[in-house]
Amino acid sequence: MGGARLRGEVTVTGAKNSVLKLMAAALLAPGRTVLTDVPHILDVEIMAELLRRLGCDVSHDSGGATVAIDVPERLEHRADYDLVRRMRASITVLGPLLARCGVVDVALPGGDNIGSRGLDMHIAGLQRLGASVTSEHGYLIAHAEAGLRGASIWLDFPSVGATETLLMAASLAQGRTVIDNAAREPEIVDICSMLTEMGADISGAGSSTLEINGVEVLRPVEHATVPDRIVAGTWAVAAVMTRGDITVRGARPEHLDIALDKLVTAGAQVTMVEDGFRVTMDARPTAVDIVTLPYPGFPTDLQPQFIALNAIAEGAALVTENLFEARFRFVHELVRLGADVQTEGHHALVRGRTTLSGAPVEATDIRAGAGLVLAGLVAEGETTVHEVHHIDRGYAGFVEDLKRLGADVRRTGAPT
Ligand code: EPU
């Protein structure tokens, strides 16, 4: 039910888009890796299942925030379609398995709801490291029985996934690898920190050039996951849209510079608190243009939430999506709530309305789902968001947190 002004505190845990890669990185070192600040989300369960099939023993404490992964000396090297289909991030095991086993077969993820999302840069980079890569019967098969060799690699685009695959593969390669035009996301810095703790020799984390001097073995470690900047950003937008007052704890505002700055432009007050930030808003927001770009640009994973904000803002905004071509698919759902949004290629023109009206809508991916829930919080009457399993993939305890902040929301049907 729309209408409540959200007030109070929420605490964010570790980032989905980091922890999945940290779990894959554990494969690089036989023995027990322990990850803390792990979010209790569906994708972590799927990654745990994949690691078990590869021969690992994965256990977590009762709250799920600490995950222990026991990695055997000999690993299986196949990631089956049934898991890769459920979670594209399964592809992250490609680099570590190739480095550890000298061979890997990973099902091709295919297209998904937010665009084609190719693997060409992962493949070209592994080939530069000396692997032979083929695709057969829907599987990507890579061989490097004689080991990987360091090389100079230039990425066409600072792909998060390709940077991670190559970082992990190069950590156990012979000699020096340089990755140019590398991704700079905080999640890349996080995996670089963990690999370094494991004994890898990496410099340049957080810059566009990464240099990795391969080592023979890595050791298991205990590592805390970086906080989820996208979940934190979603709460910030919720405060602005509902004219509320939310303190987000456990967050790193420096990872959200542009997004928080946009909220200030929209009229919000953002203040830093000891372990996070506070967002307050007492008027109708002003529309803000956004352009998604690789970090430190505006994150594509906050684009749907900002379209929802612009849908109720004063004025009009142009939103440009540069990463995933199909990320505007959810706009059709937002329009069902009365939003005025026109899309043309990778641009969306959003003209703010004074009200939205509640309706049944369907989540098409995680962030679209979050954006639709935010819209439902301000729409008149009742909004039902279907296919919320998408939201479960990335937001732990979303409904409980919303309730604690004063939202009139309930979940119907059990979590998947
Ligand atoms: N791309 C290629 N070829 C490649 C690799 C990427 O063409 O070899 C293209 C993709 O098709 C896409 C663009 O490059 O258009 C960006 O892809 P990138 O590799 O940077 O993204 P990703 O690793 O697939 C991660 C997150 C996404 C997040 C993006 C960008 C995970 C599991 N996923 O995806 O998160 O949007 O980086 O920051 O880390 C989400 O959480 O909702 C989500 C989609």
# chains A, B, ... in the order shown; residues from 1 in each chain; ligands from 1
call {"tool": "residues_near_ligand", "arguments": {"ligand": "ligand 1", "cutoff": "6 Å", "atoms": "only C-alpha atoms and all ligand atoms", "output": "ChimeraX atom specification"}}
result
/A:17,89,116-122,159-162,300-301,323-324,366-367
call {"tool": "residues_around", "arguments": {"residues": "Ala317 in chain A", "least_positions_apart": "2", "cutoff": "9 Å", "atoms": "only C-alpha atoms", "output": "NGL selection string"}}
result
:A and (287-290 or 307 or 310-311 or 313 or 315 or 319 or 348-352)
call {"tool": "select_by_dssp", "arguments": {"residues": "range 31-249 of chain A", "states": "strand (DSSP E or B)", "output": "ChimeraX atom specification"}}
result
/A:31-36,57-60,67-71,78-79,103-107,112,115,132-136,139-143,149,152-154,174,176-180,201-203,209-213,222-224,227,245-249
call {"tool": "closest_atom_pairs", "arguments": {"of": "range 156-243 of chain A", "to": "range 91-103 of chain A", "cutoff": "8 Å", "atoms": "only C-alpha atoms", "output": "tab-separated table"}}
result
residue	atom	partner	partner_atom	distance
A:Gly161	CA	A:Thr92	CA	7.2
A:Glu164	CA	A:Thr92	CA	7.4
A:Thr165	CA	A:Gly95	CA	4.7
A:Leu166	CA	A:Gly95	CA	6.4
A:Leu167	CA	A:Gly95	CA	8.0
A:Met168	CA	A:Gly95	CA	5.6
A:Ala169	CA	A:Gly95	CA	4.7
A:Ala170	CA	A:Ala99	CA	7.9
A:Leu172	CA	A:Ala99	CA	6.1
A:Ala173	CA	A:Ala99	CA	7.1
call {"tool": "write_last_selection", "arguments": {"atoms": "C-alpha atoms", "output": "compact mmCIF listing (two decimals), in the first residue's frame"}}
result
# COMPACT_ATOMS: atom_id res chain seq x y z
CA GLY A 161 33.21 -10.18 -15.25
CA GLU A 164 37.55 -10.97 -12.55
CA THR A 165 38.04 -14.05 -14.75
CA LEU A 166 41.43 -12.82 -15.89
CA LEU A 167 42.55 -11.68 -12.43
CA MET A 168 41.88 -15.12 -10.99
CA ALA A 169 43.44 -16.99 -13.91
CA ALA A 170 46.52 -14.74 -13.97
CA LEU A 172 48.25 -18.72 -10.78
CA ALA A 173 49.82 -18.19 -14.25
call {"tool": "residues_around", "arguments": {"residues": "His223 in chain A", "least_positions_apart": "4", "cutoff": "9 Å", "atoms": "only C-alpha atoms", "output": "ChimeraX atom specification"}}
result
/A:22,33-37,193-194,197
call {"tool": "write_last_selection", "arguments": {"atoms": "N, CA and C atoms", "output": "PDB file, in the first residue's frame"}}
result
ATOM      1  N   LEU A  22      34.032 -13.904  -4.666  1.00  0.00           N
ATOM      2  CA  LEU A  22      34.928 -14.330  -3.586  1.00  0.00           C
ATOM      3  C   LEU A  22      34.769 -15.840  -3.358  1.00  0.00           C
ATOM      4  N   THR A  33      38.449 -21.728   3.255  1.00  0.00           N
ATOM      5  CA  THR A  33      38.269 -20.277   3.137  1.00  0.00           C
ATOM      6  C   THR A  33      37.016 -19.905   3.915  1.00  0.00           C
ATOM      7  N   VAL A  34      37.091 -18.816   4.665  1.00  0.00           N
ATOM      8  CA  VAL A  34      35.920 -18.359   5.424  1.00  0.00           C
ATOM      9  C   VAL A  34      35.566 -16.947   4.956  1.00  0.00           C
ATOM     10  N   LEU A  35      34.334 -16.772   4.531  1.00  0.00           N
ATOM     11  CA  LEU A  35      33.871 -15.450   4.105  1.00  0.00           C
ATOM     12  C   LEU A  35      32.871 -14.932   5.128  1.00  0.00           C
ATOM     13  N   THR A  36      33.017 -13.676   5.506  1.00  0.00           N
ATOM     14  CA  THR A  36      32.073 -13.087   6.463  1.00  0.00           C
ATOM     15  C   THR A  36      31.314 -11.937   5.779  1.00  0.00           C
ATOM     16  N   ASP A  37      30.290 -11.429   6.484  1.00  0.00           N
ATOM     17  CA  ASP A  37      29.394 -10.404   5.917  1.00  0.00           C
ATOM     18  C   ASP A  37      28.756 -10.887   4.619  1.00  0.00           C
ATOM     19  N   SER A 193      41.821  -7.538  -3.014  1.00  0.00           N
ATOM     20  CA  SER A 193      42.286  -7.617  -1.617  1.00  0.00           C
ATOM     21  C   SER A 193      42.321  -9.066  -1.168  1.00  0.00           C
ATOM     22  N   MET A 194      41.247  -9.804  -1.483  1.00  0.00           N
ATOM     23  CA  MET A 194      41.229 -11.194  -1.017  1.00  0.00           C
ATOM     24  C   MET A 194      42.349 -12.002  -1.678  1.00  0.00           C
ATOM     25  N   GLU A 197      45.565 -11.220  -0.032  1.00  0.00           N
ATOM     26  CA  GLU A 197      45.671 -11.905   1.271  1.00  0.00           C
ATOM     27  C   GLU A 197      46.007 -13.388   1.066  1.00  0.00           C
TER      28      GLU A 197
END
call {"tool": "residues_around", "arguments": {"residues": "range 210-214 of chain A", "least_positions_apart": "6", "cutoff": "9 Å", "atoms": "only C-alpha atoms", "output": "ChimeraX atom specification"}}
result
/A:149-150,167,169-182,200-204
call {"tool": "residues_around", "arguments": {"residues": "Val38 in chain A", "least_positions_apart": "2", "cutoff": "8 Å", "atoms": "only C-alpha atoms", "output": "PyMOL selection string"}}
result
chain A and resi 13-15+19+35-36+40+64-67+224-225
call {"tool": "closest_residue", "arguments": {"among": "A:Leu42, A:Val226, A:Val237, A:Val217", "to": "Gly250 in chain A", "atoms": "only C-alpha atoms"}}
result
A:Val226
call {"tool": "residues_around", "arguments": {"residues": "Ala232 in chain A", "least_positions_apart": "6", "cutoff": "7 Å", "atoms": "only C-alpha atoms", "output": "list in words"}}
result
Val12, Val248 and Ala251 of chain A
call {"tool": "write_last_selection", "arguments": {"atoms": "N, CA, C and O atoms", "output": "PDB file, in the first residue's frame"}}
result
ATOM      1  N   VAL A  12      23.145  -2.528   5.848  1.00  0.00           N
ATOM      2  CA  VAL A  12      23.421  -3.347   4.658  1.00  0.00           C
ATOM      3  C   VAL A  12      24.525  -4.355   4.985  1.00  0.00           C
ATOM      4  O   VAL A  12      25.390  -4.092   5.823  1.00  0.00           O
ATOM      5  N   VAL A 248      21.361   4.708   6.679  1.00  0.00           N
ATOM      6  CA  VAL A 248      21.849   3.443   6.118  1.00  0.00           C
ATOM      7  C   VAL A 248      23.181   3.126   6.794  1.00  0.00           C
ATOM      8  O   VAL A 248      24.165   3.845   6.603  1.00  0.00           O
ATOM      9  N   ALA A 251      27.312   0.998   5.387  1.00  0.00           N
ATOM     10  CA  ALA A 251      27.523   1.334   3.973  1.00  0.00           C
ATOM     11  C   ALA A 251      28.761   2.195   3.806  1.00  0.00           C
ATOM     12  O   ALA A 251      29.216   2.827   4.764  1.00  0.00           O
TER      13      ALA A 251
END
call {"tool": "residues_around", "arguments": {"residues": "Ala48 in chain A", "least_positions_apart": "2", "cutoff": "12 Å", "atoms": "only C-alpha atoms", "output": "ChimeraX atom specification"}}
result
/A:19-24,26-27,38,40-46,50-60,64,67-71,83,87,90,93
call {"tool": "closest_residue", "arguments": {"among": "A:Glu254, A:Glu185, A:Glu362, A:Asp245", "to": "Glu333 in chain A", "atoms": "only C-alpha atoms"}}
result
A:Glu362
call {"tool": "closest_residue", "arguments": {"among": "A:Arg85, A:His347, A:Arg32, A:His77", "to": "His143 in chain A", "atoms": "only C-alpha atoms"}}
result
A:His77
call {"tool": "closest_residue", "arguments": {"among": "A:Met1, A:Leu372, A:Met47, A:Ala339", "to": "Arg393 in chain A", "atoms": "only C-alpha atoms"}}
result
A:Met47
call {"tool": "closest_residue", "arguments": {"among": "A:Ile141, A:Ala4, A:Ile153, A:Val361", "to": "Asp105 in chain A", "atoms": "only C-alpha atoms"}}
result
A:Ile141
call {"tool": "closest_residue", "arguments": {"among": "A:His346, A:Arg278, A:Arg336, A:Arg353", "to": "Ile312 in chain A", "atoms": "only C-alpha atoms"}}
result
A:Arg353
call {"tool": "closest_atom_pairs", "arguments": {"of": "range 266-340 of chain A", "to": "range 373-390 of chain A", "cutoff": "9 Å", "atoms": "only C-alpha atoms", "output": "CSV"}}
result
residue,atom,partner,partner_atom,distance
A:Gln305,CA,A:Leu374,CA,7.1
A:Ala308,CA,A:Ala375,CA,5.6
A:Leu309,CA,A:Ala375,CA,7.6
A:Ala311,CA,A:Ala375,CA,8.3
A:Ile312,CA,A:Val378,CA,8.4
A:Leu334,CA,A:Ala375,CA,7.6
A:Leu337,CA,A:Ala379,CA,7.2
A:Gly338,CA,A:Ala379,CA,8.8
call {"tool": "atom_distance", "arguments": {"atom1": "CA of Gly125 in chain A", "atom2": "CA of Val104 in chain A"}}
result
15.2 Å
call {"tool": "select_by_dssp", "arguments": {"residues": "range 312-404 of chain A", "states": "helix (DSSP H, G or I)", "output": "count of residues only"}}
result
34
call {"tool": "atom_distance", "arguments": {"atom1": "CA of Ser207 in chain A", "atom2": "CA of Asp261 in chain A"}}
result
22.1 Å
